[in-house]
$ cat structure.txt   # compact mmCIF, C-alpha atoms and all ligand atoms
# COMPACT_ATOMS: atom_id res chain seq x y z
CA MET A 165 13.04 29.75 133.63
CA GLY A 166 13.79 32.24 130.86
CA ILE A 167 12.23 33.29 127.59
CA ARG A 168 14.29 32.44 124.52
CA ILE A 169 14.02 33.16 120.80
CA ILE A 170 14.72 29.77 119.24
CA GLY A 171 14.20 30.59 115.57
CA THR A 172 13.64 33.57 113.28
CA GLY A 173 12.75 33.98 109.63
CA LYS A 174 12.01 36.67 107.09
CA TYR A 175 10.34 36.85 103.74
CA VAL A 176 10.18 39.79 101.36
CA PRO A 177 8.49 39.68 97.96
CA PRO A 178 10.89 39.52 95.00
CA LYS A 179 9.72 42.68 93.20
CA VAL A 180 12.00 45.66 93.91
CA LEU A 181 10.72 49.25 93.61
CA THR A 182 13.61 51.73 93.53
CA ASN A 183 13.64 55.45 94.21
CA HIS A 184 14.22 55.89 90.47
CA ASP A 185 11.05 53.91 89.75
CA LEU A 186 9.17 56.30 92.06
CA GLU A 187 10.51 59.29 90.11
CA LYS A 188 8.29 58.10 87.25
CA MET A 189 5.22 57.89 89.49
CA VAL A 190 5.24 61.09 91.61
CA GLU A 191 7.22 64.34 91.74
CA THR A 192 10.19 63.13 93.76
CA ASN A 193 13.82 62.23 93.28
CA ASP A 194 16.34 59.68 94.51
CA GLU A 195 18.45 62.36 96.22
CA TRP A 196 15.52 63.67 98.30
CA ILE A 197 14.41 60.20 99.40
CA ARG A 198 17.94 59.04 100.26
CA SER A 199 18.94 62.14 102.19
CA ARG A 200 15.63 62.63 104.05
CA THR A 201 14.92 58.97 104.83
CA GLY A 202 17.89 56.70 104.01
CA ILE A 203 15.69 54.51 101.80
CA ILE A 204 17.03 53.37 98.41
CA GLU A 205 14.53 50.66 97.46
CA ARG A 206 11.65 48.65 98.87
CA ARG A 207 9.87 45.35 98.08
CA ILE A 208 6.32 45.29 96.75
CA VAL A 209 3.93 42.36 96.33
CA GLU A 210 2.25 41.57 93.03
CA GLY A 211 -1.30 40.40 92.36
CA ASP A 212 -3.36 39.02 95.21
CA ILE A 213 -0.48 38.21 97.57
CA ALA A 214 -1.62 39.09 101.10
CA ALA A 215 -0.13 39.47 104.59
CA SER A 216 -0.81 35.79 105.44
CA ASP A 217 1.23 34.66 102.41
CA LEU A 218 4.32 36.65 103.42
CA ALA A 219 3.84 35.63 107.06
CA THR A 220 3.60 31.93 106.20
CA GLU A 221 6.89 32.00 104.27
CA ALA A 222 8.71 33.80 107.12
CA SER A 223 7.16 31.40 109.66
CA LYS A 224 8.24 28.27 107.78
CA ILE A 225 11.85 29.48 107.92
CA ALA A 226 11.60 30.36 111.63
CA ILE A 227 10.10 26.95 112.44
CA GLU A 228 12.83 25.17 110.50
CA LYS A 229 15.63 27.20 112.12
CA ALA A 230 14.13 26.41 115.55
CA GLY A 231 14.34 22.72 114.71
CA LEU A 232 10.59 22.40 115.22
CA LYS A 233 7.64 21.17 113.20
CA PRO A 234 4.53 23.31 112.66
CA GLU A 235 2.67 21.04 115.13
CA ASP A 236 5.05 22.21 117.89
CA ILE A 237 3.65 25.75 117.68
CA ASP A 238 1.05 26.31 120.42
CA ALA A 239 -0.26 29.75 119.40
CA ILE A 240 0.23 32.47 116.79
CA ILE A 241 0.27 36.24 117.25
CA CYS A 242 0.34 38.21 114.01
CA ALA A 243 1.15 41.91 114.32
CA THR A 244 -0.25 43.72 111.30
CA ILE A 245 -2.20 46.76 110.12
CA THR A 246 -2.75 45.13 106.73
CA PRO A 247 -4.60 41.90 107.63
CA ASP A 248 -5.89 39.79 104.74
CA MET A 249 -9.38 40.93 105.82
CA VAL A 250 -11.01 42.55 108.85
CA PHE A 251 -11.92 39.10 110.17
CA PRO A 252 -11.10 36.31 110.66
CA ALA A 253 -7.69 37.22 112.03
CA THR A 254 -4.69 36.65 109.76
CA ALA A 255 -3.23 34.37 112.47
CA TYR A 256 -5.82 31.66 111.65
CA LEU A 257 -5.11 31.91 107.93
CA ILE A 258 -1.38 31.50 108.64
CA ALA A 259 -2.06 28.47 110.87
CA ASP A 260 -4.13 26.93 108.11
CA LYS A 261 -1.36 27.54 105.54
CA LEU A 262 1.10 25.91 107.95
CA GLY A 263 -1.26 22.92 108.17
CA ILE A 264 -2.11 23.31 111.86
CA LYS A 265 -5.20 24.24 113.89
CA ARG A 266 -4.17 26.59 116.68
CA PRO A 267 -5.40 29.57 118.70
CA GLY A 268 -4.17 32.92 117.57
CA PHE A 269 -5.03 36.56 117.01
CA ASP A 270 -3.88 39.68 115.23
CA LEU A 271 -2.43 42.58 117.16
CA ASN A 272 -2.71 46.13 115.89
CA ALA A 273 -0.12 48.46 117.36
CA ALA A 274 1.07 49.62 113.92
CA CYS A 275 4.88 49.83 113.74
CA SER A 276 5.16 48.86 117.42
CA GLY A 277 3.25 45.63 116.74
CA PHE A 278 6.18 43.24 117.04
CA VAL A 279 7.37 44.76 120.33
CA TYR A 280 3.84 44.63 121.78
CA SER A 281 3.34 41.05 120.51
CA SER A 282 6.64 39.94 121.99
CA ALA A 283 5.59 41.45 125.34
CA LEU A 284 2.36 39.50 125.16
CA ALA A 285 4.14 36.28 124.20
CA TYR A 286 6.40 36.81 127.21
CA SER A 287 3.40 37.05 129.56
CA MET A 288 1.69 34.00 128.08
CA LEU A 289 4.86 31.93 128.34
CA LYS A 290 5.60 33.07 131.90
CA THR A 291 2.09 32.18 133.05
CA GLY A 292 2.45 28.73 131.52
CA ILE A 293 -0.40 29.05 129.03
CA PHE A 294 1.80 28.00 126.11
CA LYS A 295 5.28 26.59 125.46
CA ASN A 296 6.09 27.80 121.93
CA ILE A 297 4.58 30.97 120.50
CA LEU A 298 5.05 32.08 116.90
CA VAL A 299 5.16 35.88 116.78
CA ILE A 300 4.98 37.47 113.33
CA GLY A 301 5.03 40.98 111.91
CA SER A 302 3.62 40.96 108.40
CA GLU A 303 2.61 43.89 106.22
CA VAL A 304 1.44 44.56 102.69
CA LEU A 305 1.57 48.33 103.01
CA SER A 306 1.73 48.79 99.24
CA LYS A 307 -2.03 48.12 99.22
CA ILE A 308 -2.86 50.96 101.66
CA VAL A 309 -0.32 53.46 100.34
CA ASP A 310 -1.60 56.31 98.16
CA TRP A 311 0.64 56.03 95.11
CA GLN A 312 -0.29 59.63 94.22
CA ASP A 313 0.94 61.05 97.54
CA ARG A 314 4.69 61.70 97.50
CA ASN A 315 4.67 62.50 101.23
CA THR A 316 3.98 58.87 102.08
CA CYS A 317 4.39 56.57 99.06
CA VAL A 318 8.19 56.81 99.06
CA LEU A 319 8.41 55.55 102.65
CA PHE A 320 6.76 52.15 102.84
CA GLY A 321 7.39 48.57 101.71
CA ASP A 322 6.06 45.02 102.10
CA GLY A 323 7.54 42.10 104.04
CA ALA A 324 7.27 39.72 106.98
CA GLY A 325 9.44 38.61 109.86
CA ALA A 326 8.79 35.84 112.38
CA ALA A 327 10.25 34.69 115.70
CA ILE A 328 9.47 31.71 117.89
CA TYR A 329 9.58 32.37 121.61
CA THR A 330 9.87 29.49 124.06
CA ILE A 331 10.32 29.11 127.81
CA ASP A 332 13.15 26.94 129.10
CA ASN A 333 15.97 26.89 131.62
CA SER A 334 18.61 28.50 129.39
CA GLU A 335 20.37 31.76 130.27
CA SER A 336 18.35 33.65 127.64
CA ASP A 337 15.57 35.92 128.86
CA ILE A 338 13.53 39.04 128.38
CA LEU A 339 15.07 41.43 130.90
CA ALA A 340 12.64 44.35 130.73
CA ILE A 341 9.67 45.64 128.76
CA GLU A 342 8.60 49.25 128.36
CA LEU A 343 5.39 50.07 126.46
CA GLY A 344 3.67 53.41 125.84
CA GLY A 345 0.77 54.92 123.94
CA ASP A 346 -1.08 58.19 123.24
CA GLY A 347 -4.44 58.01 121.46
CA GLY A 348 -4.59 61.81 121.41
CA CYS A 349 -2.24 61.61 118.42
CA ALA A 350 -4.37 59.11 116.47
CA ASP A 351 -5.00 61.46 113.54
CA LEU A 352 -1.31 62.18 112.95
CA LEU A 353 -0.81 58.72 111.42
CA TYR A 354 -3.88 56.75 110.38
CA MET A 355 -6.18 55.36 107.71
CA PRO A 356 -9.47 57.28 107.98
CA ALA A 357 -11.95 54.95 106.25
CA GLY A 358 -12.80 51.27 106.17
CA GLY A 359 -13.63 50.85 109.86
CA SER A 360 -16.93 51.18 111.75
CA LYS A 361 -16.57 54.97 112.03
CA MET A 362 -16.39 55.49 108.27
CA PRO A 363 -17.24 52.34 106.34
CA ALA A 364 -16.34 52.04 102.67
CA SER A 365 -18.58 54.08 100.36
CA GLU A 366 -18.32 55.71 96.96
CA GLU A 367 -17.45 58.92 98.82
CA THR A 368 -14.58 57.39 100.83
CA VAL A 369 -13.09 55.82 97.74
CA LYS A 370 -13.42 59.05 95.73
CA ASN A 371 -11.78 61.04 98.52
CA ARG A 372 -8.90 58.57 98.80
CA LEU A 373 -9.64 57.85 102.46
CA HIS A 374 -8.59 54.17 102.35
CA PHE A 375 -4.93 55.14 102.34
CA ILE A 376 -2.30 55.98 104.99
CA LYS A 377 -2.37 59.65 106.06
CA MET A 378 0.59 60.99 108.01
CA ASN A 379 1.76 64.28 109.45
CA GLY A 380 5.42 63.48 108.80
CA ARG A 381 7.01 66.29 110.77
CA GLU A 382 5.02 65.72 113.99
CA THR A 383 5.42 61.95 113.71
CA PHE A 384 9.15 62.39 113.25
CA LYS A 385 9.53 64.56 116.37
CA MET A 386 7.50 62.17 118.54
CA ALA A 387 9.34 59.14 117.14
CA VAL A 388 12.73 60.55 118.11
CA ARG A 389 11.50 61.55 121.57
CA MET A 390 9.62 58.37 122.47
CA MET A 391 12.15 55.94 120.99
CA THR A 392 15.08 57.47 122.86
CA GLU A 393 12.98 57.71 126.07
CA SER A 394 11.91 54.06 125.67
CA VAL A 395 15.53 52.94 125.32
CA GLU A 396 16.48 54.97 128.39
CA LYS A 397 13.63 53.50 130.48
CA VAL A 398 14.15 49.90 129.39
CA ILE A 399 17.87 50.16 130.21
CA GLN A 400 16.97 51.40 133.71
CA LYS A 401 14.32 48.70 134.25
CA ALA A 402 16.71 45.96 133.09
CA ASN A 403 19.38 47.36 135.38
CA ILE A 404 22.00 47.36 132.63
CA LYS A 405 24.42 49.99 131.31
CA LYS A 406 24.50 51.40 127.79
CA GLU A 407 27.92 49.72 127.37
CA ASP A 408 26.32 46.30 128.03
CA ILE A 409 24.21 46.55 124.87
CA LYS A 410 25.51 44.53 121.93
CA LEU A 411 22.95 45.73 119.40
CA VAL A 412 19.93 48.01 119.17
CA ILE A 413 17.33 46.93 116.61
CA PRO A 414 15.10 49.94 116.00
CA HIS A 415 11.97 50.15 113.89
CA GLN A 416 13.17 51.14 110.42
CA ALA A 417 11.28 54.34 109.55
CA ASN A 418 13.92 56.99 108.89
CA ILE A 419 17.72 56.97 109.13
CA ARG A 420 17.61 60.34 110.87
CA ILE A 421 15.48 58.86 113.68
CA ILE A 422 17.91 55.95 113.96
CA ASP A 423 20.84 58.39 114.09
CA ALA A 424 19.17 60.20 117.00
CA ILE A 425 19.06 56.91 118.93
CA ALA A 426 22.74 56.27 118.19
CA GLU A 427 23.55 59.79 119.34
CA TYR A 428 21.61 59.22 122.58
CA LEU A 429 23.59 56.03 123.19
CA GLY A 430 26.81 57.87 122.38
CA VAL A 431 27.82 55.29 119.76
CA ARG A 432 28.55 55.26 116.07
CA ARG A 433 25.47 53.92 114.32
CA GLU A 434 27.59 51.36 112.39
CA GLU A 435 28.80 49.91 115.70
CA LYS A 436 25.66 49.21 117.67
CA VAL A 437 22.51 50.02 115.73
CA PHE A 438 21.11 47.73 113.05
CA VAL A 439 19.98 49.32 109.79
CA ASN A 440 18.38 47.75 106.71
CA LEU A 441 15.81 50.38 105.73
CA ASP A 442 17.87 51.21 102.64
CA LYS A 443 16.68 47.85 101.19
CA TYR A 444 13.13 47.58 102.51
CA GLY A 445 11.84 51.02 103.55
CA ASN A 446 9.37 51.14 106.42
CA THR A 447 7.59 47.78 106.71
CA SER A 448 5.72 48.73 109.91
CA ALA A 449 5.23 45.72 112.22
CA ALA A 450 7.53 43.60 110.01
CA SER A 451 10.56 45.87 110.28
CA ILE A 452 11.94 44.68 113.64
CA PRO A 453 11.51 40.91 113.07
CA ILE A 454 13.04 41.20 109.58
CA ALA A 455 15.99 43.13 111.07
CA LEU A 456 16.28 40.67 113.97
CA ASP A 457 16.50 37.74 111.56
CA GLU A 458 19.13 39.52 109.45
CA ALA A 459 21.17 40.55 112.51
CA ILE A 460 21.25 36.92 113.72
CA SER A 461 22.06 35.54 110.23
CA GLN A 462 24.89 38.07 109.84
CA GLY A 463 26.39 37.04 113.20
CA LYS A 464 25.79 40.45 114.75
CA ILE A 465 24.03 38.83 117.70
CA ASN A 466 25.23 35.72 119.50
CA ARG A 467 23.83 33.77 122.46
CA GLY A 468 24.22 35.75 125.66
CA ASP A 469 24.32 39.17 123.94
CA ILE A 470 22.07 41.92 125.22
CA VAL A 471 19.80 43.31 122.52
CA ILE A 472 17.31 46.18 122.58
CA LEU A 473 14.26 46.21 120.31
CA VAL A 474 12.64 49.66 120.06
CA ALA A 475 9.65 50.83 118.06
CA PHE A 476 7.33 53.74 117.40
CA GLY A 477 4.21 53.96 115.26
CA GLY A 478 0.57 54.85 114.72
CA GLY A 479 -1.57 55.21 117.81
CA PHE A 480 0.78 56.73 118.73
CA SER A 481 2.30 53.56 120.12
CA TRP A 482 5.85 52.96 121.26
CA GLY A 483 7.92 50.54 123.27
CA ALA A 484 11.21 48.78 123.89
CA ILE A 485 12.33 45.36 125.03
CA ALA A 486 15.72 44.48 126.53
CA LEU A 487 16.58 40.82 126.06
CA ARG A 488 19.48 38.47 126.56
CA TYR A 489 19.56 36.48 123.33
O1 LIG B 501 6.57 54.18 111.01
C1 LIG B 501 5.94 55.07 111.89
C2 LIG B 501 6.78 56.19 112.16
N1 LIG B 501 6.94 56.99 110.97
C3 LIG B 501 7.87 57.88 110.98
O2 LIG B 501 8.57 57.94 111.97
C4 LIG B 501 8.00 58.84 109.85
C5 LIG B 501 8.40 60.17 110.42
N2 LIG B 501 8.55 61.24 109.46
C6 LIG B 501 9.55 61.29 108.57
O3 LIG B 501 10.30 60.34 108.43
C7 LIG B 501 9.76 62.55 107.82
O4 LIG B 501 8.96 63.57 108.38
C8 LIG B 501 9.45 62.46 106.30
C9 LIG B 501 10.51 61.63 105.62
C10 LIG B 501 8.08 61.86 106.09
C11 LIG B 501 9.49 63.85 105.67
O5 LIG B 501 10.76 64.45 105.92
P1 LIG B 501 10.84 65.97 106.43
O6 LIG B 501 12.24 66.33 106.49
O7 LIG B 501 10.03 66.02 107.70
O8 LIG B 501 10.15 66.73 105.25
P2 LIG B 501 8.85 67.66 105.28
O9 LIG B 501 7.62 66.83 105.41
O10 LIG B 501 9.07 68.75 106.25
O11 LIG B 501 8.92 68.24 103.81
C12 LIG B 501 10.02 69.02 103.37
C13 LIG B 501 9.79 69.38 101.91
C14 LIG B 501 8.39 69.89 101.63
O12 LIG B 501 8.50 70.92 100.68
P3 LIG B 501 8.40 72.44 101.12
O13 LIG B 501 7.07 72.58 101.78
O14 LIG B 501 9.54 72.65 102.07
O15 LIG B 501 8.53 73.18 99.83
C15 LIG B 501 7.70 68.70 101.02
O16 LIG B 501 6.65 69.05 100.16
O17 LIG B 501 9.97 68.20 101.10
C16 LIG B 501 8.82 68.05 100.26
N3 LIG B 501 8.60 66.63 100.02
C17 LIG B 501 9.17 65.95 99.03
N4 LIG B 501 10.02 66.30 98.05
C18 LIG B 501 10.42 65.36 97.19
C19 LIG B 501 7.84 65.76 100.76
N5 LIG B 501 7.92 64.53 100.24
C20 LIG B 501 8.72 64.62 99.16
C21 LIG B 501 9.18 63.67 98.23
N6 LIG B 501 10.04 64.08 97.27
N7 LIG B 501 8.82 62.37 98.28

$ encode --input "structure.txt" --output "structure tokens" --more "lines below"
Ligand code: UT7
Amino acid sequence: MGIRIIGTGKYVPPKVLTNHDLEKMVETNDEWIRSRTGIIERRIVEGDIAASDLATEASKIAIEKAGLKPEDIDAIICATITPDMVFPATAYLIADKLGIKRPGFDLNAACSGFVYSSALAYSMLKTGIFKNILVIGSEVLSKIVDWQDRNTCVLFGDGAGAAIYTIDNSESDILAIELGGDGGCADLLYMPAGGSKMPASEETVKNRLHFIKMNGRETFKMAVRMMTESVEKVIQKANIKKEDIKLVIPHQANIRIIDAIAEYLGVRREEKVFVNLDKYGNTSAASIPIALDEAISQGKINRGDIVILVAFGGGFSWGAIALRY
């Protein structure tokens, strides 16, 4: 029995925020953002739209493409660092919006959330707990981005991607999983306030502590190192060769990080590495499932192809999955 992705979907909010728009908000410019990150524009929600709203839209598409009905979904895992609220988990709110009552939970591994959630779905399918698991990455980062901080506000965007994993006797399978973490780096990429260590207060709001803080340079160096190492290890575990890989779908944080992965693989980025961060920026846990859906829709992945998903994010967390689609 193998694990198979039977449907994917994505949803991004309609409002586009370009680099030129950002020039009017902070001291930055289109040239700097493009050359240092590869981002040209990103999508931003309006009003009270939350992670569960984006997730529900992406999920409906994934369910339809899988040829299923919402009732066929046995459990929901929602990877997010921007849940609708601290509790209940966004997964229950999504289930309710889909019109079903199902078990589910949110998973916080920041930008590695979809890779971690897929690994978990794999285990739960292999042990026979469930048959169809809806795995979602959904983020409304625009609500935790400090729009006065040019070091971070130019990087992030909102969106959701969803995939349905099932277990059946097809040739498809997850070939290897490689996960890593280092909590010693927690304060290099984090949101200081709003949790039990530093609950919301007048002070935390005044000091702008409910926003993403990042040491960009250190995060960049670790991202390059751990993403290339993860790809190397997952290739070894899966017992495949670099040449066997049809497509690498990396977390979309910075084009220079993605280029480093292409260089490691010894390929031209355009050939084997999927990129869409020019349109969406960094959407954290949503970036890989959005890219996966686009890669499938564009015919860049076909049944039987070997695909690598690789991520890095806050925690620090990182990981890669090798799968036969
Ligand atoms: O999703 C989780 C993983 N996240 C990542 O992997 C992000 C990793 N980090 C990065 O992608 C990059 O470090 C950044 C894009 C965040 C920054 O690029 P960098 O090449 O590392 O720039 P830097 O932080 O070293 O800053 C270079 C200069 C600084 O000026 P000085 O000190 O050299 O005078 C910054 O103040 O660029 C300046 N700068 C900006 N200039 C114009 C920083 N942000 C901006 C901006 N516009 N938005």

$ closest_residue --input "structure.txt" --among "A:Ala273, A:Val439, A:Ile404, A:Ala357" --to "ligand LIG 501 (chain B)" --atoms "only C-alpha atoms and all ligand atoms"
A:Ala273

$ atom_distance --input "structure.txt" --atom1 "CA of Ser199 (chain A)" --atom2 "CA of Val437 (chain A)"
18.5 Å

$ residues_near_ligand --input "structure.txt" --ligand "ligand LIG 501 (chain B)" --cutoff "8 Å" --atoms "all atoms listed in the file" --output "JSON, numbers by chain"
{"A": [190, 191, 192, 193, 196, 197, 200, 201, 274, 275, 314, 315, 316, 317, 318, 319, 353, 378, 379, 380, 381, 382, 383, 384, 385, 386, 387, 388, 415, 416, 417, 418, 420, 421, 446, 447, 448, 476, 477, 478]}

$ residues_around --input "structure.txt" --residues "Tyr428 (chain A)" --least-positions-apart "4" --cutoff "10 Å" --atoms "all atoms listed in the file" --output "PDB file with C-alpha atoms, keeping the file's coordinate frame"
ATOM      1  CA  THR A 392      15.080  57.470 122.860  1.00  0.00           C
ATOM      2  CA  GLU A 393      12.980  57.710 126.070  1.00  0.00           C
ATOM      3  CA  VAL A 395      15.530  52.940 125.320  1.00  0.00           C
ATOM      4  CA  GLU A 396      16.480  54.970 128.390  1.00  0.00           C
ATOM      5  CA  LYS A 406      24.500  51.400 127.790  1.00  0.00           C
ATOM      6  CA  ILE A 422      17.910  55.950 113.960  1.00  0.00           C
ATOM      7  CA  ASP A 423      20.840  58.390 114.090  1.00  0.00           C
ATOM      8  CA  ALA A 424      19.170  60.200 117.000  1.00  0.00           C
TER       9      ALA A 424
END

$ closest_residue --input "structure.txt" --among "A:Lys295, A:His184, A:Lys174, A:Lys290" --to "Gly325 (chain A)" --atoms "only C-alpha atoms"
A:Lys174

$ residues_around --input "structure.txt" --residues "Ala285 (chain A)" --least-positions-apart "5" --cutoff "10 Å" --atoms "all atoms listed in the file" --output "VMD selection string"
chain A and resid 167 239 to 241 279 to 280 290 to 291 293 to 299 328 to 330

$ residues_around --input "structure.txt" --residues "Ser302 (chain A)" --least-positions-apart "2" --cutoff "10 Å" --atoms "all atoms listed in the file" --output "PyMOL selection string"
chain A and resi 174-176+214-220+222+242-247+254+277-278+299-300+304-305+322-326+447-451+453-454

$ decode --input "structure.txt" --residues "region 342-353 of chain A" --atoms "N, CA, C and O atoms" --output "PDB file, in the first residue's frame"
ATOM      1  N   GLU A 342      12.596  13.392   6.055  1.00  0.00           N
ATOM      2  CA  GLU A 342      13.743  13.851   6.840  1.00  0.00           C
ATOM      3  C   GLU A 342      13.311  15.134   7.567  1.00  0.00           C
ATOM      4  O   GLU A 342      12.981  16.127   6.917  1.00  0.00           O
ATOM      5  N   LEU A 343      13.259  15.096   8.896  1.00  0.00           N
ATOM      6  CA  LEU A 343      12.830  16.288   9.640  1.00  0.00           C
ATOM      7  C   LEU A 343      13.920  16.721  10.611  1.00  0.00           C
ATOM      8  O   LEU A 343      14.635  15.874  11.152  1.00  0.00           O
ATOM      9  N   GLY A 344      14.038  18.035  10.840  1.00  0.00           N
ATOM     10  CA  GLY A 344      15.040  18.519  11.791  1.00  0.00           C
ATOM     11  C   GLY A 344      14.545  19.738  12.537  1.00  0.00           C
ATOM     12  O   GLY A 344      13.581  20.395  12.129  1.00  0.00           O
ATOM     13  N   GLY A 345      15.200  20.040  13.669  1.00  0.00           N
ATOM     14  CA  GLY A 345      14.807  21.217  14.434  1.00  0.00           C
ATOM     15  C   GLY A 345      15.921  21.667  15.365  1.00  0.00           C
ATOM     16  O   GLY A 345      16.794  20.881  15.722  1.00  0.00           O
ATOM     17  N   ASP A 346      15.897  22.960  15.737  1.00  0.00           N
ATOM     18  CA  ASP A 346      16.886  23.506  16.676  1.00  0.00           C
ATOM     19  C   ASP A 346      16.265  24.679  17.431  1.00  0.00           C
ATOM     20  O   ASP A 346      16.255  25.812  16.951  1.00  0.00           O
ATOM     21  N   GLY A 347      15.756  24.369  18.638  1.00  0.00           N
ATOM     22  CA  GLY A 347      15.112  25.396  19.453  1.00  0.00           C
ATOM     23  C   GLY A 347      16.075  26.436  20.008  1.00  0.00           C
ATOM     24  O   GLY A 347      15.647  27.490  20.510  1.00  0.00           O
ATOM     25  N   GLY A 348      17.380  26.168  19.893  1.00  0.00           N
ATOM     26  CA  GLY A 348      18.376  27.153  20.327  1.00  0.00           C
ATOM     27  C   GLY A 348      18.361  28.396  19.455  1.00  0.00           C
ATOM     28  O   GLY A 348      18.944  29.433  19.812  1.00  0.00           O
ATOM     29  N   CYS A 349      17.691  28.303  18.308  1.00  0.00           N
ATOM     30  CA  CYS A 349      17.632  29.442  17.376  1.00  0.00           C
ATOM     31  C   CYS A 349      16.265  30.119  17.421  1.00  0.00           C
ATOM     32  O   CYS A 349      15.935  30.913  16.531  1.00  0.00           O
ATOM     33  N   ALA A 350      15.465  29.811  18.456  1.00  0.00           N
ATOM     34  CA  ALA A 350      14.088  30.310  18.495  1.00  0.00           C
ATOM     35  C   ALA A 350      13.993  31.819  18.321  1.00  0.00           C
ATOM     36  O   ALA A 350      13.099  32.326  17.635  1.00  0.00           O
ATOM     37  N   ASP A 351      14.933  32.570  18.941  1.00  0.00           N
ATOM     38  CA  ASP A 351      14.799  34.037  18.896  1.00  0.00           C
ATOM     39  C   ASP A 351      15.399  34.673  17.641  1.00  0.00           C
ATOM     40  O   ASP A 351      15.519  35.891  17.553  1.00  0.00           O
ATOM     41  N   LEU A 352      15.728  33.860  16.651  1.00  0.00           N
ATOM     42  CA  LEU A 352      16.181  34.444  15.376  1.00  0.00           C
ATOM     43  C   LEU A 352      15.013  34.698  14.432  1.00  0.00           C
ATOM     44  O   LEU A 352      15.125  35.434  13.458  1.00  0.00           O
ATOM     45  N   LEU A 353      13.879  34.040  14.718  1.00  0.00           N
ATOM     46  CA  LEU A 353      12.681  34.214  13.889  1.00  0.00           C
ATOM     47  C   LEU A 353      11.482  33.861  14.758  1.00  0.00           C
ATOM     48  O   LEU A 353      11.218  32.687  15.015  1.00  0.00           O
TER      49      LEU A 353
END
